[in-house]
>>> print(open('input_26.csv').read())   # CSV, C-alpha atoms and all ligand atoms
chain,number,residue,atom,x,y,z
A,557,MET,CA,-0.6,-1.8,-38.3
A,558,PHE,CA,1.2,-3.6,-35.6
A,559,GLU,CA,4.5,-4.4,-37.3
A,560,THR,CA,6.5,-2.2,-35.1
A,561,LEU,CA,5.0,-3.4,-31.8
A,562,LYS,CA,7.6,-4.3,-29.2
A,563,PRO,CA,7.0,-6.5,-26.1
A,564,ALA,CA,6.8,-4.5,-22.9
A,565,PRO,CA,9.3,-5.5,-20.1
A,566,PRO,CA,7.8,-7.7,-17.4
A,567,ASP,CA,6.3,-5.8,-14.4
A,568,ALA,CA,8.9,-5.4,-11.7
A,569,ILE,CA,6.6,-7.0,-9.1
A,570,LEU,CA,3.8,-9.0,-10.8
A,571,GLY,CA,6.2,-10.2,-13.5
A,572,LEU,CA,8.2,-12.0,-10.9
A,573,SER,CA,5.1,-13.9,-9.8
A,574,GLU,CA,4.6,-15.1,-13.3
A,575,ALA,CA,8.1,-16.4,-13.4
A,576,PHE,CA,7.6,-18.0,-9.9
A,577,VAL,CA,4.5,-19.9,-11.1
A,578,ALA,CA,6.6,-21.3,-14.1
A,579,ASP,CA,9.5,-22.4,-11.8
A,580,PRO,CA,9.5,-26.2,-11.2
A,581,HIS,CA,11.8,-26.0,-8.0
A,582,PRO,CA,9.9,-27.9,-5.2
A,583,ALA,CA,11.1,-25.5,-2.5
A,584,LYS,CA,10.8,-22.2,-4.4
A,585,ILE,CA,10.0,-19.2,-2.3
A,586,ASN,CA,8.0,-16.1,-3.4
A,587,LEU,CA,8.9,-13.0,-1.5
A,588,ALA,CA,8.1,-10.7,-4.4
A,589,VAL,CA,4.4,-9.6,-4.5
A,590,GLY,CA,2.9,-8.1,-1.3
A,591,VAL,CA,0.5,-10.8,-0.4
A,592,TYR,CA,0.0,-12.1,3.2
A,593,LYS,CA,0.7,-15.8,3.7
A,594,ASP,CA,-0.1,-17.8,6.9
A,595,GLU,CA,2.2,-20.2,8.7
A,596,SER,CA,1.5,-22.9,6.1
A,597,GLY,CA,2.3,-20.6,3.2
A,598,GLN,CA,-1.4,-20.1,2.1
A,599,THR,CA,-3.1,-16.8,1.5
A,600,PRO,CA,-6.3,-17.5,3.5
A,601,VAL,CA,-9.8,-16.1,3.1
A,602,LEU,CA,-10.5,-14.5,6.5
A,603,LYS,CA,-13.2,-16.1,8.6
A,604,CYS,CA,-15.1,-12.8,8.9
A,605,VAL,CA,-15.1,-12.6,5.1
A,606,LYS,CA,-16.4,-16.1,4.7
A,607,GLU,CA,-19.2,-15.4,7.1
A,608,ALA,CA,-20.1,-12.1,5.4
A,609,GLU,CA,-20.1,-13.9,2.1
A,610,ARG,CA,-22.5,-16.6,3.5
A,611,ARG,CA,-24.8,-13.8,4.6
A,612,LEU,CA,-24.6,-12.1,1.3
A,613,LEU,CA,-25.4,-15.3,-0.6
A,614,GLU,CA,-28.6,-15.6,1.4
A,615,THR,CA,-29.7,-11.9,1.3
A,616,GLU,CA,-28.4,-10.5,-2.0
A,617,THR,CA,-31.3,-10.0,-4.4
A,618,THR,CA,-29.7,-8.3,-7.4
A,619,LYS,CA,-26.5,-7.9,-9.4
A,620,THR,CA,-27.6,-4.6,-10.9
A,621,TYR,CA,-25.0,-1.8,-11.3
A,622,LEU,CA,-23.8,0.1,-8.3
A,623,GLY,CA,-23.8,3.9,-8.6
A,624,ILE,CA,-20.7,5.4,-10.2
A,625,ASP,CA,-19.3,6.2,-6.7
A,626,GLY,CA,-20.0,2.6,-5.4
A,627,LEU,CA,-21.8,1.3,-2.4
A,628,ALA,CA,-22.9,3.9,0.1
A,629,ASP,CA,-22.6,1.7,3.2
A,630,TYR,CA,-19.1,0.8,2.1
A,631,ARG,CA,-18.0,4.4,1.6
A,632,ARG,CA,-19.4,5.3,5.0
A,633,ALA,CA,-17.5,2.5,6.8
A,634,ALA,CA,-14.3,3.1,4.8
A,635,GLY,CA,-14.5,6.8,5.6
A,636,GLU,CA,-14.8,6.1,9.3
A,637,LEU,CA,-11.8,3.9,9.3
A,638,LEU,CA,-9.7,6.3,7.4
A,639,PHE,CA,-10.7,9.6,8.9
A,640,ALA,CA,-12.6,8.7,12.2
A,641,ASP,CA,-13.8,12.1,13.4
A,642,ALA,CA,-10.7,14.0,12.4
A,643,VAL,CA,-12.6,15.8,9.6
A,644,ALA,CA,-16.3,16.5,9.1
A,645,ALA,CA,-17.8,13.8,6.8
A,646,ASP,CA,-19.2,16.5,4.5
A,647,ARG,CA,-15.7,17.7,3.7
A,648,VAL,CA,-14.8,14.2,2.3
A,649,ALA,CA,-15.5,13.4,-1.3
A,650,MET,CA,-15.1,9.7,-1.7
A,651,VAL,CA,-15.6,7.0,-4.4
A,652,GLN,CA,-15.2,3.3,-4.2
A,653,THR,CA,-12.5,2.1,-6.5
A,654,PRO,CA,-11.1,-1.2,-7.9
A,655,GLY,CA,-8.4,-1.7,-5.2
A,656,GLY,CA,-5.8,0.8,-4.0
A,657,THR,CA,-4.2,0.9,-7.4
A,658,GLY,CA,-7.6,2.0,-8.8
A,659,GLY,CA,-7.7,4.6,-6.0
A,660,VAL,CA,-4.3,6.0,-6.9
A,661,ARG,CA,-5.3,6.2,-10.5
A,662,VAL,CA,-8.6,7.9,-9.9
A,663,VAL,CA,-6.9,10.5,-7.7
A,664,ALA,CA,-4.1,10.9,-10.3
A,665,ASP,CA,-6.7,11.5,-13.0
A,666,PHE,CA,-8.5,14.0,-10.7
A,667,VAL,CA,-5.3,15.9,-10.1
A,668,ALA,CA,-4.4,15.9,-13.8
A,669,ALA,CA,-7.8,17.2,-14.8
A,670,GLN,CA,-8.3,19.8,-11.9
A,671,LEU,CA,-5.0,21.2,-11.0
A,672,PRO,CA,-2.6,23.3,-13.1
A,673,ALA,CA,0.0,20.7,-14.1
A,674,PRO,CA,1.5,20.0,-10.7
A,675,THR,CA,4.5,17.8,-10.3
A,676,VAL,CA,4.0,14.7,-8.1
A,677,TRP,CA,6.8,14.2,-5.6
A,678,VAL,CA,7.4,10.6,-4.5
A,679,SER,CA,9.8,9.2,-2.0
A,680,ASN,CA,13.0,7.7,-3.4
A,681,PRO,CA,12.3,4.8,-3.4
A,682,THR,CA,8.6,4.3,-3.8
A,683,TRP,CA,6.2,1.5,-5.0
A,684,GLU,CA,7.3,0.8,-8.6
A,685,ASN,CA,3.7,1.2,-9.9
A,686,HIS,CA,3.3,4.8,-8.5
A,687,ILE,CA,5.4,6.2,-11.2
A,688,ASN,CA,3.6,4.2,-13.9
A,689,ILE,CA,0.3,5.4,-12.7
A,690,PHE,CA,1.2,9.0,-12.5
A,691,SER,CA,2.8,8.9,-15.9
A,692,ALA,CA,-0.2,7.1,-17.4
A,693,ALA,CA,-2.4,10.0,-16.0
A,694,GLY,CA,-0.1,12.5,-17.7
A,695,LEU,CA,1.6,13.8,-14.5
A,696,GLU,CA,5.3,14.5,-14.1
A,697,THR,CA,7.0,12.8,-11.1
A,698,GLN,CA,10.1,13.9,-9.2
A,699,THR,CA,11.6,12.3,-6.1
A,700,TYR,CA,12.5,13.5,-2.6
A,701,ARG,CA,15.1,11.8,-0.5
A,702,TYR,CA,13.9,9.3,2.1
A,703,LEU,CA,16.6,6.8,3.2
A,704,ASP,CA,20.0,7.3,4.7
A,705,GLY,CA,23.2,5.8,3.2
A,706,SER,CA,22.5,2.4,4.7
A,707,LYS,CA,19.2,2.2,2.7
A,708,THR,CA,17.5,0.7,5.7
A,709,ARG,CA,16.7,3.8,7.8
A,710,LEU,CA,14.9,7.1,7.4
A,711,ASP,CA,16.9,10.3,6.7
A,712,PHE,CA,14.2,12.6,7.9
A,713,GLN,CA,16.3,15.7,7.6
A,714,ALA,CA,17.1,15.0,4.0
A,715,MET,CA,13.4,14.5,3.3
A,716,LEU,CA,12.5,17.8,5.0
A,717,ASP,CA,15.4,19.6,3.2
A,718,ASP,CA,14.1,18.4,-0.2
A,719,LEU,CA,10.5,19.2,0.5
A,720,SER,CA,11.3,22.7,1.9
A,721,SER,CA,13.2,23.6,-1.2
A,722,LYS,CA,12.3,21.7,-4.3
A,723,PRO,CA,8.5,21.5,-4.9
A,724,ARG,CA,6.6,24.5,-6.0
A,725,PRO,CA,3.4,25.6,-4.1
A,726,GLY,CA,0.5,23.5,-5.5
A,727,ASP,CA,2.7,20.5,-6.1
A,728,VAL,CA,1.5,17.1,-4.8
A,729,ILE,CA,3.5,15.2,-2.2
A,730,LEU,CA,2.9,11.5,-2.2
A,731,LEU,CA,3.2,9.9,1.3
A,732,HIS,CA,2.7,6.3,2.5
A,733,ALA,CA,0.5,6.5,5.6
A,734,CYS,CA,2.2,3.5,7.2
A,735,CYS,CA,4.2,0.3,6.2
A,736,HIS,CA,6.1,2.2,3.5
A,737,ASN,CA,6.3,0.2,0.3
A,738,PRO,CA,9.0,-0.9,-0.5
A,739,THR,CA,11.2,-0.1,2.5
A,740,GLY,CA,9.1,-0.7,5.6
A,741,VAL,CA,10.6,2.5,7.0
A,742,ASP,CA,8.0,4.9,8.5
A,743,LEU,CA,7.9,8.3,10.1
A,744,SER,CA,7.2,8.7,13.9
A,745,THR,CA,4.1,10.7,15.0
A,746,GLU,CA,6.4,13.6,15.9
A,747,GLN,CA,7.9,13.5,12.4
A,748,TRP,CA,4.5,13.5,10.8
A,749,GLY,CA,3.6,16.6,12.8
A,750,GLN,CA,6.7,18.4,11.6
A,751,LEU,CA,6.1,17.3,8.0
A,752,ALA,CA,2.4,18.4,8.2
A,753,GLY,CA,3.4,21.8,9.4
A,754,LEU,CA,5.9,22.2,6.5
A,755,LEU,CA,3.4,21.0,3.8
A,756,ALA,CA,0.8,23.5,5.1
A,757,GLU,CA,3.2,26.4,5.3
A,758,ARG,CA,4.6,25.7,1.8
A,759,ARG,CA,1.1,25.1,0.3
A,760,LEU,CA,2.0,21.6,-0.9
A,761,LEU,CA,-0.9,19.1,-1.4
A,762,PRO,CA,-0.5,15.8,0.5
A,763,MET,CA,-1.6,12.7,-1.2
A,764,VAL,CA,-1.7,9.7,1.2
A,765,ASP,CA,-1.5,6.1,-0.1
A,766,PHE,CA,-3.0,4.1,2.7
A,767,ALA,CA,-2.8,0.5,1.5
A,768,TYR,CA,-1.7,-1.3,4.8
A,769,GLN,CA,-3.9,0.1,7.6
A,770,GLY,CA,-3.6,-2.4,10.5
A,771,PHE,CA,-0.3,-4.0,9.4
A,772,GLY,CA,2.0,-1.5,11.2
A,773,GLN,CA,1.0,-1.0,14.8
A,774,GLY,CA,-2.8,-1.2,14.6
A,775,LEU,CA,-5.8,0.3,12.7
A,776,GLU,CA,-5.9,3.5,14.8
A,777,GLU,CA,-2.2,3.8,15.4
A,778,ASP,CA,-1.5,3.5,11.7
A,779,ALA,CA,-3.7,6.4,10.9
A,780,ALA,CA,-1.7,8.8,13.2
A,781,GLY,CA,0.2,10.3,10.3
A,782,LEU,CA,-3.0,11.0,8.3
A,783,ARG,CA,-4.6,12.6,11.4
A,784,ARG,CA,-1.6,14.9,11.8
A,785,LEU,CA,-1.9,15.9,8.2
A,786,LEU,CA,-5.6,16.6,8.6
A,787,ALA,CA,-4.9,18.7,11.6
A,788,GLU,CA,-2.6,21.0,9.6
A,789,CYS,CA,-3.8,20.8,6.0
A,790,ASN,CA,-7.3,21.7,4.9
A,791,GLU,CA,-7.0,19.9,1.7
A,792,LEU,CA,-5.7,16.4,1.1
A,793,LEU,CA,-5.9,13.4,-1.2
A,794,VAL,CA,-6.2,9.7,-0.1
A,795,ALA,CA,-6.1,6.4,-1.8
A,796,GLY,CA,-7.2,3.5,0.4
A,797,SER,CA,-7.2,-0.3,0.0
A,798,PHE,CA,-8.8,-3.3,1.6
A,799,SER,CA,-6.8,-5.8,-0.4
A,800,LYS,CA,-4.4,-6.5,2.4
A,801,ASN,CA,-6.2,-5.9,5.7
A,802,PHE,CA,-9.3,-7.9,4.6
A,803,GLY,CA,-7.3,-10.3,2.3
A,804,LEU,CA,-9.6,-9.2,-0.5
A,805,TYR,CA,-6.8,-8.9,-3.1
A,806,SER,CA,-8.7,-10.3,-6.2
A,807,GLU,CA,-12.0,-8.6,-5.2
A,808,ARG,CA,-10.4,-5.2,-5.9
A,809,VAL,CA,-11.7,-3.0,-3.1
A,810,GLY,CA,-10.4,0.5,-2.5
A,811,THR,CA,-11.2,4.1,-2.2
A,812,ALA,CA,-10.3,7.5,-3.7
A,813,ALA,CA,-10.9,10.5,-1.5
A,814,VAL,CA,-10.5,14.2,-1.7
A,815,VAL,CA,-10.7,16.2,1.5
A,816,THR,CA,-11.8,19.8,0.8
A,817,ALA,CA,-11.9,23.0,2.8
A,818,ASP,CA,-15.7,23.1,2.9
A,819,ALA,CA,-18.8,21.0,2.1
A,820,ALA,CA,-19.7,22.8,-1.1
A,821,THR,CA,-16.3,22.0,-2.6
A,822,ALA,CA,-16.6,18.4,-1.6
A,823,VAL,CA,-19.9,18.2,-3.6
A,824,ALA,CA,-18.0,19.5,-6.7
A,825,ALA,CA,-15.0,17.2,-6.0
A,826,VAL,CA,-17.2,14.1,-5.8
A,827,SER,CA,-18.9,15.0,-9.1
A,828,GLN,CA,-15.4,15.3,-10.7
A,829,LEU,CA,-14.3,12.0,-9.2
A,830,LYS,CA,-17.4,10.3,-10.7
A,831,ARG,CA,-16.7,11.8,-14.1
A,832,THR,CA,-13.2,10.2,-14.0
A,833,VAL,CA,-14.7,6.8,-12.9
A,834,ARG,CA,-17.4,6.9,-15.6
A,835,ALA,CA,-14.8,7.5,-18.3
A,836,ASN,CA,-12.5,4.7,-16.9
A,837,TYR,CA,-14.6,1.7,-15.8
A,838,SER,CA,-18.1,3.2,-15.4
A,839,ASN,CA,-18.8,1.9,-11.9
A,840,PRO,CA,-17.0,-0.4,-9.4
A,841,PRO,CA,-17.6,-4.1,-8.7
A,842,ARG,CA,-20.0,-4.9,-5.8
A,843,HIS,CA,-18.9,-8.1,-4.1
A,844,GLY,CA,-15.8,-7.0,-2.2
A,845,ALA,CA,-17.3,-3.7,-1.1
A,846,ALA,CA,-20.4,-5.6,0.1
A,847,ILE,CA,-18.2,-7.9,2.2
A,848,VAL,CA,-16.4,-5.0,3.9
A,849,ALA,CA,-19.7,-3.2,4.5
A,850,THR,CA,-21.3,-6.3,6.0
A,851,VAL,CA,-18.3,-7.0,8.3
A,852,LEU,CA,-18.1,-3.4,9.5
A,853,ALA,CA,-21.8,-3.1,10.1
A,854,ASP,CA,-21.8,-6.0,12.5
A,855,ALA,CA,-20.1,-5.7,15.9
A,856,GLU,CA,-19.2,-9.4,16.1
A,857,LEU,CA,-17.8,-9.7,12.6
A,858,THR,CA,-15.8,-6.5,13.2
A,859,ALA,CA,-14.4,-8.0,16.4
A,860,LEU,CA,-13.4,-11.1,14.5
A,861,TRP,CA,-11.8,-9.0,11.8
A,862,HIS,CA,-9.8,-7.1,14.4
A,863,GLN,CA,-8.6,-10.5,15.8
A,864,GLU,CA,-7.6,-11.9,12.4
A,865,LEU,CA,-5.9,-8.7,11.4
A,866,SER,CA,-3.9,-8.7,14.6
A,867,ALA,CA,-2.9,-12.3,14.1
A,868,MET,CA,-1.5,-11.4,10.6
A,869,ARG,CA,0.4,-8.4,12.0
A,870,LEU,CA,1.8,-10.5,14.9
A,871,ARG,CA,2.9,-13.3,12.6
A,872,ILE,CA,4.8,-10.9,10.4
A,873,ALA,CA,6.5,-9.4,13.4
A,874,GLU,CA,7.5,-12.9,14.5
A,875,MET,CA,9.0,-13.6,11.1
A,876,ARG,CA,11.0,-10.4,11.4
A,877,ARG,CA,12.5,-11.7,14.6
A,878,GLY,CA,13.0,-15.1,13.0
A,879,LEU,CA,14.9,-13.6,10.1
A,880,VAL,CA,17.2,-11.6,12.3
A,881,ALA,CA,18.0,-14.6,14.4
A,882,GLY,CA,18.1,-17.0,11.4
A,883,LEU,CA,20.5,-14.8,9.4
A,884,ALA,CA,22.8,-14.5,12.4
A,885,ALA,CA,22.7,-18.2,13.0
A,886,ALA,CA,23.5,-18.8,9.3
A,887,GLY,CA,26.7,-16.8,9.7
A,888,ALA,CA,25.7,-13.4,8.4
A,889,GLU,CA,28.4,-10.8,9.3
A,890,ARG,CA,26.1,-8.0,8.7
A,891,ASP,CA,23.7,-6.9,11.5
A,892,PHE,CA,20.1,-7.3,10.3
A,893,SER,CA,18.4,-5.9,13.4
A,894,PHE,CA,17.1,-3.0,11.3
A,895,LEU,CA,14.4,-5.4,10.1
A,896,LEU,CA,12.9,-5.1,13.6
A,897,ASP,CA,12.4,-1.4,13.3
A,898,GLN,CA,10.7,-1.6,9.9
A,899,THR,CA,7.0,-2.2,9.8
A,900,GLY,CA,4.4,-3.9,7.7
A,901,MET,CA,4.8,-6.5,5.0
A,902,PHE,CA,7.9,-5.1,3.4
A,903,SER,CA,11.5,-4.6,4.2
A,904,TYR,CA,14.5,-3.3,2.3
A,905,THR,CA,17.2,-5.8,3.0
A,906,GLY,CA,20.1,-4.0,1.4
A,907,LEU,CA,20.5,-6.9,-1.1
A,908,THR,CA,21.8,-5.7,-4.5
A,909,PRO,CA,20.0,-6.4,-7.8
A,910,MET,CA,22.8,-8.9,-8.6
A,911,GLN,CA,22.3,-10.7,-5.3
A,912,CYS,CA,18.5,-10.8,-6.0
A,913,ASP,CA,19.2,-12.2,-9.4
A,914,GLN,CA,21.5,-14.9,-8.0
A,915,LEU,CA,18.9,-15.9,-5.4
A,916,ARG,CA,16.3,-16.3,-8.2
A,917,SER,CA,18.5,-18.1,-10.7
A,918,GLN,CA,20.4,-20.3,-8.3
A,919,GLN,CA,17.9,-20.9,-5.5
A,920,SER,CA,14.5,-20.2,-6.9
A,921,ILE,CA,14.0,-17.4,-4.3
A,922,TYR,CA,12.0,-14.5,-5.7
A,923,ILE,CA,12.8,-11.0,-4.4
A,924,VAL,CA,12.1,-7.7,-6.1
A,925,GLY,CA,15.4,-6.4,-7.7
A,926,SER,CA,15.4,-3.4,-5.3
A,927,GLY,CA,16.1,-5.8,-2.4
A,928,ARG,CA,12.5,-5.5,-1.1
A,929,ILE,CA,11.2,-8.7,0.5
A,930,ASN,CA,7.7,-9.5,1.5
A,931,VAL,CA,8.2,-10.6,5.1
A,932,ALA,CA,4.7,-12.0,5.1
A,933,GLY,CA,5.9,-14.6,2.6
A,934,VAL,CA,8.4,-16.0,5.2
A,935,THR,CA,7.1,-19.1,7.1
A,936,PRO,CA,8.6,-21.3,9.8
A,937,ALA,CA,9.1,-23.9,7.0
A,938,ASN,CA,11.0,-21.8,4.6
A,939,LEU,CA,12.9,-19.6,7.1
A,940,ASP,CA,16.1,-21.7,7.4
A,941,ARG,CA,16.5,-22.3,3.7
A,942,LEU,CA,15.9,-18.6,3.0
A,943,CYS,CA,18.5,-17.4,5.6
A,944,GLU,CA,21.1,-19.8,4.4
A,945,ALA,CA,20.5,-18.7,0.8
A,946,ILE,CA,20.7,-15.0,1.6
A,947,VAL,CA,24.0,-15.5,3.5
A,948,SER,CA,25.4,-17.5,0.6
A,949,VAL,CA,25.0,-14.5,-1.8
A,950,LEU,CA,26.3,-11.8,0.7
A,951,GLU,CA,29.9,-10.8,-0.1
B,1001,LIG,C1,3.1,-5.0,-4.0
B,1001,LIG,O1,3.7,-3.9,-3.9
B,1001,LIG,O2,3.6,-6.1,-4.1
B,1001,LIG,C2,1.6,-5.0,-3.9
B,1001,LIG,O3,1.1,-3.7,-3.7
B,1001,LIG,C3,1.0,-5.6,-5.1
B,1001,LIG,C4,1.2,-4.8,-6.4
B,1001,LIG,O4,0.1,-4.6,-7.0
B,1001,LIG,O5,2.3,-4.5,-6.7
>>> encode(input="input_26.csv", output="structure tokens")
Amino acid sequence: MFETLKPAPPDAILGLSEAFVADPHPAKINLAVGVYKDESGQTPVLKCVKEAERRLLETETTKTYLGIDGLADYRRAAGELLFADAVAADRVAMVQTPGGTGGVRVVADFVAAQLPAPTVWVSNPTWENHINIFSAAGLETQTYRYLDGSKTRLDFQAMLDDLSSKPRPGDVILLHACCHNPTGVDLSTEQWGQLAGLLAERRLLPMVDFAYQGFGQGLEEDAAGLRRLLAECNELLVAGSFSKNFGLYSERVGTAAVVTADAATAVAAVSQLKRTVRANYSNPPRHGAAIVATVLADAELTALWHQELSAMRLRIAEMRRGLVAGLAAAGAERDFSFLLDQTGMFSYTGLTPMQCDQLRSQQSIYIVGSGRINVAGVTPANLDRLCEAIVSVLE
């Protein structure tokens, strides 16, 4: 039966991590997958998470199934972070999902089942896995322009031009709430306002991927785009994640949300989201969601989380400054100061696929072929070697 089976190509992002693990180079550097590392190159368990886990170990009395939609306290807390009071809670249909990827997939399945074959419009470029997920859900994707010719800055006019003319009413427009993956190039609050007006006027349905809340400017600041959309659009889709901002990667904690025009529709929407979940993985895992709910229900732990999240954000910003200075010191002729205007974990460096290949094969430095680097993987210890290596492959 399997005689014609062909191997699938390695995943553009996680496939590189597999190659990294197998690489014996003592000073190898992994800037591929979007995972935070501290100054010593470790991905730490946050202190607030450890404390919540300690409390859970003492108080947890059962491992019985959660409901299909997950833990209620978690959903409430996640809803407050995402929406604050920008929309009445009874207009939000939300389920807990296995990570942000699970959130995107549940929303995609919901769209495929409930809407009349819309096209999903994604930025060019977008996170490699977006297109996989929509295609697995049976949805067609198209791209809208996002970057200018330098590939390091936003071309907002081109984005508006495409979205004003190409999608049909009812199509879905995928947007990254903040810390755009893979480019690090975000919209300003004014631009979000303009975009929201256009989407509402053209009856396009925004879908917001919100995987990096707190890594851009701050928890509340990073939600500014979503707030502007909510002010203009009655209906909206959101996929959220606590992988990065709580460091809960392997615990798989995310959300899928549908904002509806009224409460009755939200009740119907949640029942459809649950149907999707039941057919996929039945119900979500408890531990990560219980951690988030425990931290966010406790003022002290929440304050500690805010502190730890700020520290991660500030370290990344420091490494951005380090890269710009280090590349100049290593003799780069090109001006890399655009790295300072990009936010979050990722940056488009402008490196070509061939230069990324060279860095991997000659220097054991792993960068996604698009030229995306995970700035959070840069540390004071690897910064100099990284800058010299990058300069050595620049023409
Ligand atoms: C990334 O873009 O590196 C992260 O979101 C991890 C992943 O699943 O690709």
>>> closest_atom_pairs(input="input_26.csv", of="chain A", to="ligand LIG 1001 (chain B)", cutoff="6 Å", atoms="all atoms listed in the file", output="CSV")
residue,atom,partner,partner_atom,distance
A:Ile569,CA,B:LIG1001,O5,5.5
A:Val589,CA,B:LIG1001,O2,3.6
A:Gly590,CA,B:LIG1001,O2,3.5
>>> closest_residue(input="input_26.csv", among="A:Arg709, A:Arg834, A:Arg869, A:Lys584", to="A:Asn801", atoms="all atoms listed in the file")
A:Arg869
>>> atom_distance(input="input_26.csv", atom1="atom CA of A:Ala817", atom2="atom CA of A:Gly774")
28.4 Å
>>> atom_distance(input="input_26.csv", atom1="atom CA of A:Ser744", atom2="atom CA of A:Leu587")
26.7 Å
>>> residues_around(input="input_26.csv", residues="A:Gly900", least_positions_apart="5", cutoff="6 Å", atoms="all atoms listed in the file", output="ChimeraX atom specification")
/A:735,771-772
>>> closest_residue(input="input_26.csv", among="A:Thr821, A:Asn790, A:Thr618, A:Gln914", to="A:Leu755", atoms="only C-alpha atoms")
A:Asn790
>>> residues_around(input="input_26.csv", residues="A:Ala733", least_positions_apart="5", cutoff="12 Å", atoms="only C-alpha atoms", output="VMD selection string")
chain A and resid 638 740 to 745 748 762 to 773 775 to 785 793 to 797 899 to 900
>>> build_atoms(input="input_26.csv", residues="stretch 559-577 of chain A", atoms="N, CA and C atoms", output="PDB file, in the frame of the given file")
ATOM      1  N   GLU A 559       3.172  -3.868 -37.010  1.00  0.00           N
ATOM      2  CA  GLU A 559       4.500  -4.400 -37.300  1.00  0.00           C
ATOM      3  C   GLU A 559       5.599  -3.923 -36.414  1.00  0.00           C
ATOM      4  N   THR A 560       5.448  -2.710 -35.884  1.00  0.00           N
ATOM      5  CA  THR A 560       6.500  -2.200 -35.100  1.00  0.00           C
ATOM      6  C   THR A 560       6.321  -2.424 -33.569  1.00  0.00           C
ATOM      7  N   LEU A 561       5.275  -3.171 -33.265  1.00  0.00           N
ATOM      8  CA  LEU A 561       5.000  -3.400 -31.800  1.00  0.00           C
ATOM      9  C   LEU A 561       6.097  -4.183 -31.155  1.00  0.00           C
ATOM     10  N   LYS A 562       6.536  -3.656 -30.004  1.00  0.00           N
ATOM     11  CA  LYS A 562       7.600  -4.300 -29.200  1.00  0.00           C
ATOM     12  C   LYS A 562       7.034  -4.842 -27.931  1.00  0.00           C
ATOM     13  N   PRO A 563       7.554  -5.981 -27.431  1.00  0.00           N
ATOM     14  CA  PRO A 563       7.000  -6.500 -26.100  1.00  0.00           C
ATOM     15  C   PRO A 563       7.429  -5.510 -25.002  1.00  0.00           C
ATOM     16  N   ALA A 564       6.521  -5.317 -24.057  1.00  0.00           N
ATOM     17  CA  ALA A 564       6.800  -4.500 -22.900  1.00  0.00           C
ATOM     18  C   ALA A 564       7.663  -5.323 -21.917  1.00  0.00           C
ATOM     19  N   PRO A 565       8.529  -4.689 -21.125  1.00  0.00           N
ATOM     20  CA  PRO A 565       9.300  -5.500 -20.100  1.00  0.00           C
ATOM     21  C   PRO A 565       8.311  -6.018 -19.076  1.00  0.00           C
ATOM     22  N   PRO A 566       8.663  -7.163 -18.437  1.00  0.00           N
ATOM     23  CA  PRO A 566       7.800  -7.700 -17.400  1.00  0.00           C
ATOM     24  C   PRO A 566       7.632  -6.698 -16.245  1.00  0.00           C
ATOM     25  N   ASP A 567       6.511  -6.691 -15.577  1.00  0.00           N
ATOM     26  CA  ASP A 567       6.300  -5.800 -14.400  1.00  0.00           C
ATOM     27  C   ASP A 567       7.292  -6.184 -13.321  1.00  0.00           C
ATOM     28  N   ALA A 568       7.871  -5.145 -12.680  1.00  0.00           N
ATOM     29  CA  ALA A 568       8.900  -5.400 -11.700  1.00  0.00           C
ATOM     30  C   ALA A 568       8.449  -6.286 -10.547  1.00  0.00           C
ATOM     31  N   ILE A 569       7.156  -6.248 -10.227  1.00  0.00           N
ATOM     32  CA  ILE A 569       6.600  -7.000  -9.100  1.00  0.00           C
ATOM     33  C   ILE A 569       5.817  -8.226  -9.602  1.00  0.00           C
ATOM     34  N   LEU A 570       4.742  -7.936 -10.337  1.00  0.00           N
ATOM     35  CA  LEU A 570       3.800  -9.000 -10.800  1.00  0.00           C
ATOM     36  C   LEU A 570       4.515  -9.914 -11.813  1.00  0.00           C
ATOM     37  N   GLY A 571       5.483  -9.371 -12.565  1.00  0.00           N
ATOM     38  CA  GLY A 571       6.200 -10.200 -13.500  1.00  0.00           C
ATOM     39  C   GLY A 571       6.988 -11.294 -12.840  1.00  0.00           C
ATOM     40  N   LEU A 572       7.469 -11.013 -11.617  1.00  0.00           N
ATOM     41  CA  LEU A 572       8.200 -12.000 -10.900  1.00  0.00           C
ATOM     42  C   LEU A 572       7.275 -13.172 -10.438  1.00  0.00           C
ATOM     43  N   SER A 573       6.022 -12.815 -10.141  1.00  0.00           N
ATOM     44  CA  SER A 573       5.100 -13.900  -9.800  1.00  0.00           C
ATOM     45  C   SER A 573       4.802 -14.785 -10.918  1.00  0.00           C
ATOM     46  N   GLU A 574       4.771 -14.219 -12.139  1.00  0.00           N
ATOM     47  CA  GLU A 574       4.600 -15.100 -13.300  1.00  0.00           C
ATOM     48  C   GLU A 574       5.737 -16.048 -13.451  1.00  0.00           C
ATOM     49  N   ALA A 575       6.963 -15.528 -13.259  1.00  0.00           N
ATOM     50  CA  ALA A 575       8.100 -16.400 -13.400  1.00  0.00           C
ATOM     51  C   ALA A 575       8.117 -17.447 -12.251  1.00  0.00           C
ATOM     52  N   PHE A 576       7.657 -17.055 -11.061  1.00  0.00           N
ATOM     53  CA  PHE A 576       7.600 -18.000  -9.900  1.00  0.00           C
ATOM     54  C   PHE A 576       6.668 -19.161 -10.249  1.00  0.00           C
ATOM     55  N   VAL A 577       5.507 -18.855 -10.804  1.00  0.00           N
ATOM     56  CA  VAL A 577       4.500 -19.900 -11.100  1.00  0.00           C
ATOM     57  C   VAL A 577       5.166 -20.922 -12.087  1.00  0.00           C
TER      58      VAL A 577
END
